[in-house]
Amino acid sequence: MIIIDQLTKKYGEALVLNQLSLNIKPHEIYCLLGANGAGKTTTINLLLGFIKPTSGSAFINGLNVSENSRKTKRFLAYIPENLMLYPTLTAVENLDYFSGIGGKNLSKVQLEDFLNQAGLQKGAFHQRISTFSKGMRQKVGIAIALAKDAKTLLLDEPTSGLDPKASNEFGQLLHLLRDKGVAILMATHDLFRAKEVATQIGIMKQGVLRQQFNAQNISLPELEAAYLETMDFKELEV
Ligand SMILES: Nc1ncnc2c1ncn2[C@@H]1O[C@H](COP(=O)(O)OP(=O)(O)OP(=O)(O)O)[C@@H](O)[C@H]1O
């Protein structure tokens, strides 16, 4: 469960996130859309406890992130655009290391089972990460989320640079995690993938959540039109 309550972030005079409120329950995938600089990564960094809010609060599994940043990481998995894995270690070794940080001590068979669930081909389990494509690395990220038994998954442009097949596979893996009851927040520029995977979609501009949709109630052309309209809307000069 992710609760964002009137979260605001300022850098000096620059207001980069303005009173954002969101509620993402288990079994939900919330896709956050917005142009470069809209505040999507800032939102994720606040949820990760990487930066402190100017005002407002964020809660992961009922814990205030600002007060329990270390504890909340136990419930969290995070997949950025370029997942940081150890290139000279194998997929199994990386999974062992990162699930260990998450407090899990798993056998080789269990580790391999999570990689299998994440769709990594068996031949790659014991290969070094340095030989992996981006799609394979993202699958290791999903395996880490599964192995940690994460209740919350944060994703920052995870399908950027993936080919359509890899991106489609990645979307299916998100559905697997959703079905397990994970609450998922994904920042993305990919309207098509957002429409494919999301239960809810929000459009941000200049740190403000401008529009929200139930993904079932909007077609892809309607979503694109709403996005373009939001981006084109000029603020009234006072
Ligand atoms: N450390 C910082 N100091 C000052 N301004 C910052 C800092 N970090 C981010 N910003 C500003 O905050 C705003 C929001 O940035 P953010 O990275 O959250 O946008 P985004 O929606 O994720 O964009 P993108 O799609 O390009 O990733 C931008 O104007 C950015 O320049």
# chains A, B, ... in the order shown; residues from 1 in each chain; ligands from 1

call {"tool": "residues_near_ligand", "arguments": {"ligand": "ligand 1", "cutoff": "6 Å", "atoms": "only C-alpha atoms and all ligand atoms", "output": "list in words"}}
result
Tyr11, Val16, Gly34, Ala35, Asn36, Gly37, Ala38, Gly39, Lys40, Thr41 and Thr42 of chain A

call {"tool": "write_last_selection", "arguments": {"atoms": "N, CA and C atoms", "output": "PDB file, in the first residue's frame"}}
result
ATOM      1  N   TYR A  11      12.985  23.025  -4.361  1.00  0.00           N
ATOM      2  CA  TYR A  11      14.429  23.231  -4.371  1.00  0.00           C
ATOM      3  C   TYR A  11      14.623  24.740  -4.432  1.00  0.00           C
ATOM      4  N   VAL A  16       8.870  21.807  -7.337  1.00  0.00           N
ATOM      5  CA  VAL A  16       8.911  20.726  -8.333  1.00  0.00           C
ATOM      6  C   VAL A  16       7.834  19.666  -8.088  1.00  0.00           C
ATOM      7  N   GLY A  34       3.895  12.098 -17.713  1.00  0.00           N
ATOM      8  CA  GLY A  34       4.208  13.530 -17.649  1.00  0.00           C
ATOM      9  C   GLY A  34       5.472  13.817 -18.426  1.00  0.00           C
ATOM     10  N   ALA A  35       5.579  15.053 -18.909  1.00  0.00           N
ATOM     11  CA  ALA A  35       6.743  15.435 -19.714  1.00  0.00           C
ATOM     12  C   ALA A  35       8.009  15.420 -18.861  1.00  0.00           C
ATOM     13  N   ASN A  36       9.148  15.583 -19.486  1.00  0.00           N
ATOM     14  CA  ASN A  36      10.410  15.695 -18.756  1.00  0.00           C
ATOM     15  C   ASN A  36      10.288  16.836 -17.747  1.00  0.00           C
ATOM     16  N   GLY A  37      10.711  16.540 -16.522  1.00  0.00           N
ATOM     17  CA  GLY A  37      10.694  17.577 -15.484  1.00  0.00           C
ATOM     18  C   GLY A  37       9.356  17.746 -14.781  1.00  0.00           C
ATOM     19  N   ALA A  38       8.396  16.839 -15.059  1.00  0.00           N
ATOM     20  CA  ALA A  38       7.057  16.976 -14.457  1.00  0.00           C
ATOM     21  C   ALA A  38       7.049  16.676 -12.957  1.00  0.00           C
ATOM     22  N   GLY A  39       8.037  15.893 -12.496  1.00  0.00           N
ATOM     23  CA  GLY A  39       8.090  15.563 -11.064  1.00  0.00           C
ATOM     24  C   GLY A  39       7.912  14.082 -10.759  1.00  0.00           C
ATOM     25  N   LYS A  40       7.960  13.252 -11.784  1.00  0.00           N
ATOM     26  CA  LYS A  40       7.728  11.808 -11.590  1.00  0.00           C
ATOM     27  C   LYS A  40       8.869  11.164 -10.782  1.00  0.00           C
ATOM     28  N   THR A  41      10.097  11.421 -11.205  1.00  0.00           N
ATOM     29  CA  THR A  41      11.242  10.834 -10.485  1.00  0.00           C
ATOM     30  C   THR A  41      11.338  11.405  -9.073  1.00  0.00           C
ATOM     31  N   THR A  42      11.025  12.668  -8.928  1.00  0.00           N
ATOM     32  CA  THR A  42      11.023  13.283  -7.585  1.00  0.00           C
ATOM     33  C   THR A  42      10.056  12.523  -6.677  1.00  0.00           C
TER      34      THR A  42
END

call {"tool": "residues_around", "arguments": {"residues": "A:Leu155", "least_positions_apart": "6", "cutoff": "6 Å", "atoms": "only C-alpha atoms", "output": "MDAnalysis selection string"}}
result
chainID A and resid 78:80 186

call {"tool": "write_last_selection", "arguments": {"atoms": "N, CA and C atoms", "output": "PDB file, in the first residue's frame"}}
result
ATOM      1  N   TYR A  78      12.544  -1.703  -6.221  1.00  0.00           N
ATOM      2  CA  TYR A  78      12.687  -0.513  -7.067  1.00  0.00           C
ATOM      3  C   TYR A  78      13.391  -0.905  -8.355  1.00  0.00           C
ATOM      4  N   ILE A  79      12.753  -0.601  -9.460  1.00  0.00           N
ATOM      5  CA  ILE A  79      13.379  -0.888 -10.765  1.00  0.00           C
ATOM      6  C   ILE A  79      13.453   0.414 -11.558  1.00  0.00           C
ATOM      7  N   PRO A  80      14.649   1.001 -11.633  1.00  0.00           N
ATOM      8  CA  PRO A  80      14.803   2.212 -12.432  1.00  0.00           C
ATOM      9  C   PRO A  80      15.046   1.849 -13.904  1.00  0.00           C
ATOM     10  N   MET A 186       4.366   3.193 -11.323  1.00  0.00           N
ATOM     11  CA  MET A 186       5.315   3.220 -12.446  1.00  0.00           C
ATOM     12  C   MET A 186       5.287   4.582 -13.132  1.00  0.00           C
TER      13      MET A 186
END

call {"tool": "closest_residue", "arguments": {"among": "A:Arg137, A:Met1, A:Ala166, A:Thr199", "to": "A:Leu85", "atoms": "only C-alpha atoms"}}
result
A:Arg137

call {"tool": "closest_residue", "arguments": {"among": "A:Ile2, A:Leu20, A:Val197, A:Ile203", "to": "A:Leu33", "atoms": "only C-alpha atoms"}}
result
A:Ile203

call {"tool": "select_by_dssp", "arguments": {"residues": "stretch 9-224 of chain A", "states": "strand (DSSP E)", "output": "JSON, numbers by chain"}}
result
{"A": [9, 10, 11, 14, 15, 16, 17, 18, 19, 20, 21, 22, 23, 24, 29, 30, 31, 32, 33, 34, 55, 56, 57, 58, 59, 60, 63, 64, 76, 77, 78, 79, 152, 153, 154, 155, 156, 183, 184, 185, 186, 187, 200, 201, 202, 203, 204, 205, 208, 209, 210, 211, 212, 213, 214]}

call {"tool": "residues_around", "arguments": {"residues": "A:Leu76", "least_positions_apart": "5", "cutoff": "12 Å", "atoms": "only C-alpha atoms", "output": "PyMOL selection string"}}
result
chain A and resi 1-2+44+47-49+59-61+63+65+69-71+98-99+101-103+141-142+144-155+182-185

call {"tool": "atom_distance", "arguments": {"atom1": "atom CA of A:Lys73", "atom2": "atom CA of A:Leu191"}}
result
28.4 Å

call {"tool": "closest_residue", "arguments": {"among": "A:Ser57, A:Ile29, A:Phe114, A:Glu13", "to": "A:Gly202", "atoms": "only C-alpha atoms"}}
result
A:Ile29

call {"tool": "atom_distance", "arguments": {"atom1": "atom CA of A:Lys108", "atom2": "atom CA of A:Gly181"}}
result
25.2 Å

call {"tool": "closest_residue", "arguments": {"among": "A:Ala91, A:Lys10, A:Cys31, A:Gln206", "to": "A:Gly171", "atoms": "only C-alpha atoms"}}
result
A:Cys31

call {"tool": "decode", "arguments": {"residues": "stretch 64-195 of chain A", "atoms": "C-alpha atoms", "output": "mmCIF file, in the first residue's frame"}}
result
data_model
loop_
_atom_site.group_PDB
_atom_site.id
_atom_site.type_symbol
_atom_site.label_atom_id
_atom_site.label_comp_id
_atom_site.auth_asym_id
_atom_site.auth_seq_id
_atom_site.Cartn_x
_atom_site.Cartn_y
_atom_site.Cartn_z
ATOM 1 C CA ASN A 64 5.982 7.089 7.259
ATOM 2 C CA VAL A 65 8.938 7.055 4.855
ATOM 3 C CA SER A 66 10.629 10.124 6.391
ATOM 4 C CA GLU A 67 10.647 8.500 9.837
ATOM 5 C CA ASN A 68 11.310 4.872 8.790
ATOM 6 C CA SER A 69 13.269 5.105 5.567
ATOM 7 C CA ARG A 70 15.347 1.987 6.360
ATOM 8 C CA LYS A 71 12.393 -0.154 7.465
ATOM 9 C CA THR A 72 10.231 0.785 4.506
ATOM 10 C CA LYS A 73 12.934 -0.501 2.116
ATOM 11 C CA ARG A 74 12.195 -4.028 3.362
ATOM 12 C CA PHE A 75 8.745 -3.811 1.800
ATOM 13 C CA LEU A 76 9.940 -2.106 -1.352
ATOM 14 C CA ALA A 77 11.428 -3.136 -4.646
ATOM 15 C CA TYR A 78 12.687 -0.513 -7.067
ATOM 16 C CA ILE A 79 13.379 -0.888 -10.765
ATOM 17 C CA PRO A 80 14.803 2.212 -12.432
ATOM 18 C CA GLU A 81 15.518 2.641 -16.127
ATOM 19 C CA ASN A 82 18.976 1.122 -15.635
ATOM 20 C CA LEU A 83 18.943 -1.382 -12.825
ATOM 21 C CA MET A 84 22.159 -1.433 -10.801
ATOM 22 C CA LEU A 85 23.374 -5.029 -10.659
ATOM 23 C CA TYR A 86 26.877 -6.401 -10.143
ATOM 24 C CA PRO A 87 28.176 -7.027 -13.683
ATOM 25 C CA THR A 88 30.756 -9.652 -12.739
ATOM 26 C CA LEU A 89 28.280 -11.690 -10.682
ATOM 27 C CA THR A 90 25.771 -14.100 -12.214
ATOM 28 C CA ALA A 91 22.004 -13.653 -12.127
ATOM 29 C CA VAL A 92 21.701 -16.149 -9.246
ATOM 30 C CA GLU A 93 24.523 -14.426 -7.315
ATOM 31 C CA ASN A 94 22.967 -10.979 -7.791
ATOM 32 C CA LEU A 95 19.576 -12.278 -6.700
ATOM 33 C CA ASP A 96 21.147 -13.960 -3.662
ATOM 34 C CA TYR A 97 22.889 -10.702 -2.718
ATOM 35 C CA PHE A 98 19.889 -8.378 -3.158
ATOM 36 C CA SER A 99 17.347 -10.713 -1.565
ATOM 37 C CA GLY A 100 19.829 -11.101 1.325
ATOM 38 C CA ILE A 101 19.802 -7.317 1.816
ATOM 39 C CA GLY A 102 16.013 -7.636 1.899
ATOM 40 C CA GLY A 103 16.337 -10.069 4.808
ATOM 41 C CA LYS A 104 15.804 -13.317 2.851
ATOM 42 C CA ASN A 105 18.161 -16.267 2.981
ATOM 43 C CA LEU A 106 17.182 -18.407 -0.001
ATOM 44 C CA SER A 107 18.483 -21.706 -1.318
ATOM 45 C CA LYS A 108 19.883 -22.080 -4.834
ATOM 46 C CA VAL A 109 16.698 -23.878 -5.879
ATOM 47 C CA GLN A 110 14.528 -21.033 -4.540
ATOM 48 C CA LEU A 111 16.676 -18.402 -6.262
ATOM 49 C CA GLU A 112 16.439 -20.273 -9.559
ATOM 50 C CA ASP A 113 12.680 -20.614 -9.113
ATOM 51 C CA PHE A 114 12.289 -16.821 -8.751
ATOM 52 C CA LEU A 115 14.391 -16.223 -11.875
ATOM 53 C CA ASN A 116 12.220 -18.767 -13.660
ATOM 54 C CA GLN A 117 9.025 -16.994 -12.520
ATOM 55 C CA ALA A 118 10.506 -13.727 -13.803
ATOM 56 C CA GLY A 119 10.842 -15.329 -17.239
ATOM 57 C CA LEU A 120 14.634 -15.515 -17.460
ATOM 58 C CA GLN A 121 15.738 -18.408 -19.640
ATOM 59 C CA LYS A 122 17.421 -21.180 -17.649
ATOM 60 C CA GLY A 123 20.670 -20.950 -19.617
ATOM 61 C CA ALA A 124 21.197 -17.417 -18.272
ATOM 62 C CA PHE A 125 20.854 -18.195 -14.553
ATOM 63 C CA HIS A 126 24.597 -18.731 -14.101
ATOM 64 C CA GLN A 127 25.847 -16.217 -16.629
ATOM 65 C CA ARG A 128 27.424 -12.920 -15.676
ATOM 66 C CA ILE A 129 25.121 -9.913 -15.766
ATOM 67 C CA SER A 130 27.625 -8.094 -18.012
ATOM 68 C CA THR A 131 26.471 -10.389 -20.862
ATOM 69 C CA PHE A 132 22.747 -9.584 -20.332
ATOM 70 C CA SER A 133 20.447 -7.497 -22.522
ATOM 71 C CA LYS A 134 18.419 -4.755 -20.870
ATOM 72 C CA GLY A 135 15.289 -6.920 -20.954
ATOM 73 C CA MET A 136 17.128 -9.732 -19.132
ATOM 74 C CA ARG A 137 18.377 -7.295 -16.482
ATOM 75 C CA GLN A 138 14.836 -6.021 -15.913
ATOM 76 C CA LYS A 139 13.725 -9.632 -15.402
ATOM 77 C CA VAL A 140 16.341 -9.977 -12.667
ATOM 78 C CA GLY A 141 14.777 -6.844 -11.125
ATOM 79 C CA ILE A 142 11.391 -8.566 -11.126
ATOM 80 C CA ALA A 143 12.977 -11.693 -9.597
ATOM 81 C CA ILE A 144 14.399 -9.500 -6.807
ATOM 82 C CA ALA A 145 10.908 -8.092 -6.139
ATOM 83 C CA LEU A 146 9.491 -11.639 -6.022
ATOM 84 C CA ALA A 147 12.299 -12.975 -3.816
ATOM 85 C CA LYS A 148 12.011 -10.073 -1.362
ATOM 86 C CA ASP A 149 8.244 -10.659 -1.265
ATOM 87 C CA ALA A 150 7.954 -6.908 -1.841
ATOM 88 C CA LYS A 151 4.585 -5.384 -1.025
ATOM 89 C CA THR A 152 5.321 -2.303 -3.065
ATOM 90 C CA LEU A 153 7.082 -1.885 -6.388
ATOM 91 C CA LEU A 154 8.371 1.443 -7.692
ATOM 92 C CA LEU A 155 9.402 1.687 -11.323
ATOM 93 C CA ASP A 156 10.983 4.635 -13.113
ATOM 94 C CA GLU A 157 10.758 4.297 -16.885
ATOM 95 C CA PRO A 158 11.511 0.564 -16.755
ATOM 96 C CA THR A 159 10.525 -0.135 -20.389
ATOM 97 C CA SER A 160 12.511 2.728 -21.904
ATOM 98 C CA GLY A 161 14.810 1.219 -24.530
ATOM 99 C CA LEU A 162 13.180 -2.224 -24.445
ATOM 100 C CA ASP A 163 12.058 -3.689 -27.773
ATOM 101 C CA PRO A 164 8.279 -4.228 -28.130
ATOM 102 C CA LYS A 165 8.483 -7.951 -27.280
ATOM 103 C CA ALA A 166 10.609 -7.355 -24.170
ATOM 104 C CA SER A 167 8.336 -4.486 -23.157
ATOM 105 C CA ASN A 168 5.272 -6.709 -23.586
ATOM 106 C CA GLU A 169 6.897 -9.464 -21.484
ATOM 107 C CA PHE A 170 7.735 -6.895 -18.843
ATOM 108 C CA GLY A 171 4.095 -5.766 -18.748
ATOM 109 C CA GLN A 172 2.993 -9.359 -18.209
ATOM 110 C CA LEU A 173 5.424 -9.667 -15.303
ATOM 111 C CA LEU A 174 3.886 -6.556 -13.744
ATOM 112 C CA HIS A 175 0.507 -8.272 -13.980
ATOM 113 C CA LEU A 176 1.995 -11.305 -12.208
ATOM 114 C CA LEU A 177 3.130 -9.054 -9.337
ATOM 115 C CA ARG A 178 -0.213 -7.222 -9.307
ATOM 116 C CA ASP A 179 -2.018 -10.578 -9.031
ATOM 117 C CA LYS A 180 0.163 -11.406 -6.023
ATOM 118 C CA GLY A 181 -1.157 -8.243 -4.328
ATOM 119 C CA VAL A 182 1.760 -5.878 -4.869
ATOM 120 C CA ALA A 183 0.944 -2.148 -5.012
ATOM 121 C CA ILE A 184 2.788 -0.753 -8.035
ATOM 122 C CA LEU A 185 3.723 2.798 -9.034
ATOM 123 C CA MET A 186 5.315 3.220 -12.446
ATOM 124 C CA ALA A 187 6.586 6.476 -13.933
ATOM 125 C CA THR A 188 6.685 6.236 -17.700
ATOM 126 C CA HIS A 189 6.577 8.089 -21.015
ATOM 127 C CA ASP A 190 5.120 5.012 -22.686
ATOM 128 C CA LEU A 191 1.387 5.709 -23.086
ATOM 129 C CA PHE A 192 0.812 2.395 -24.835
ATOM 130 C CA ARG A 193 2.386 0.329 -22.036
ATOM 131 C CA ALA A 194 0.623 2.449 -19.408
ATOM 132 C CA LYS A 195 -2.729 1.705 -21.023
#
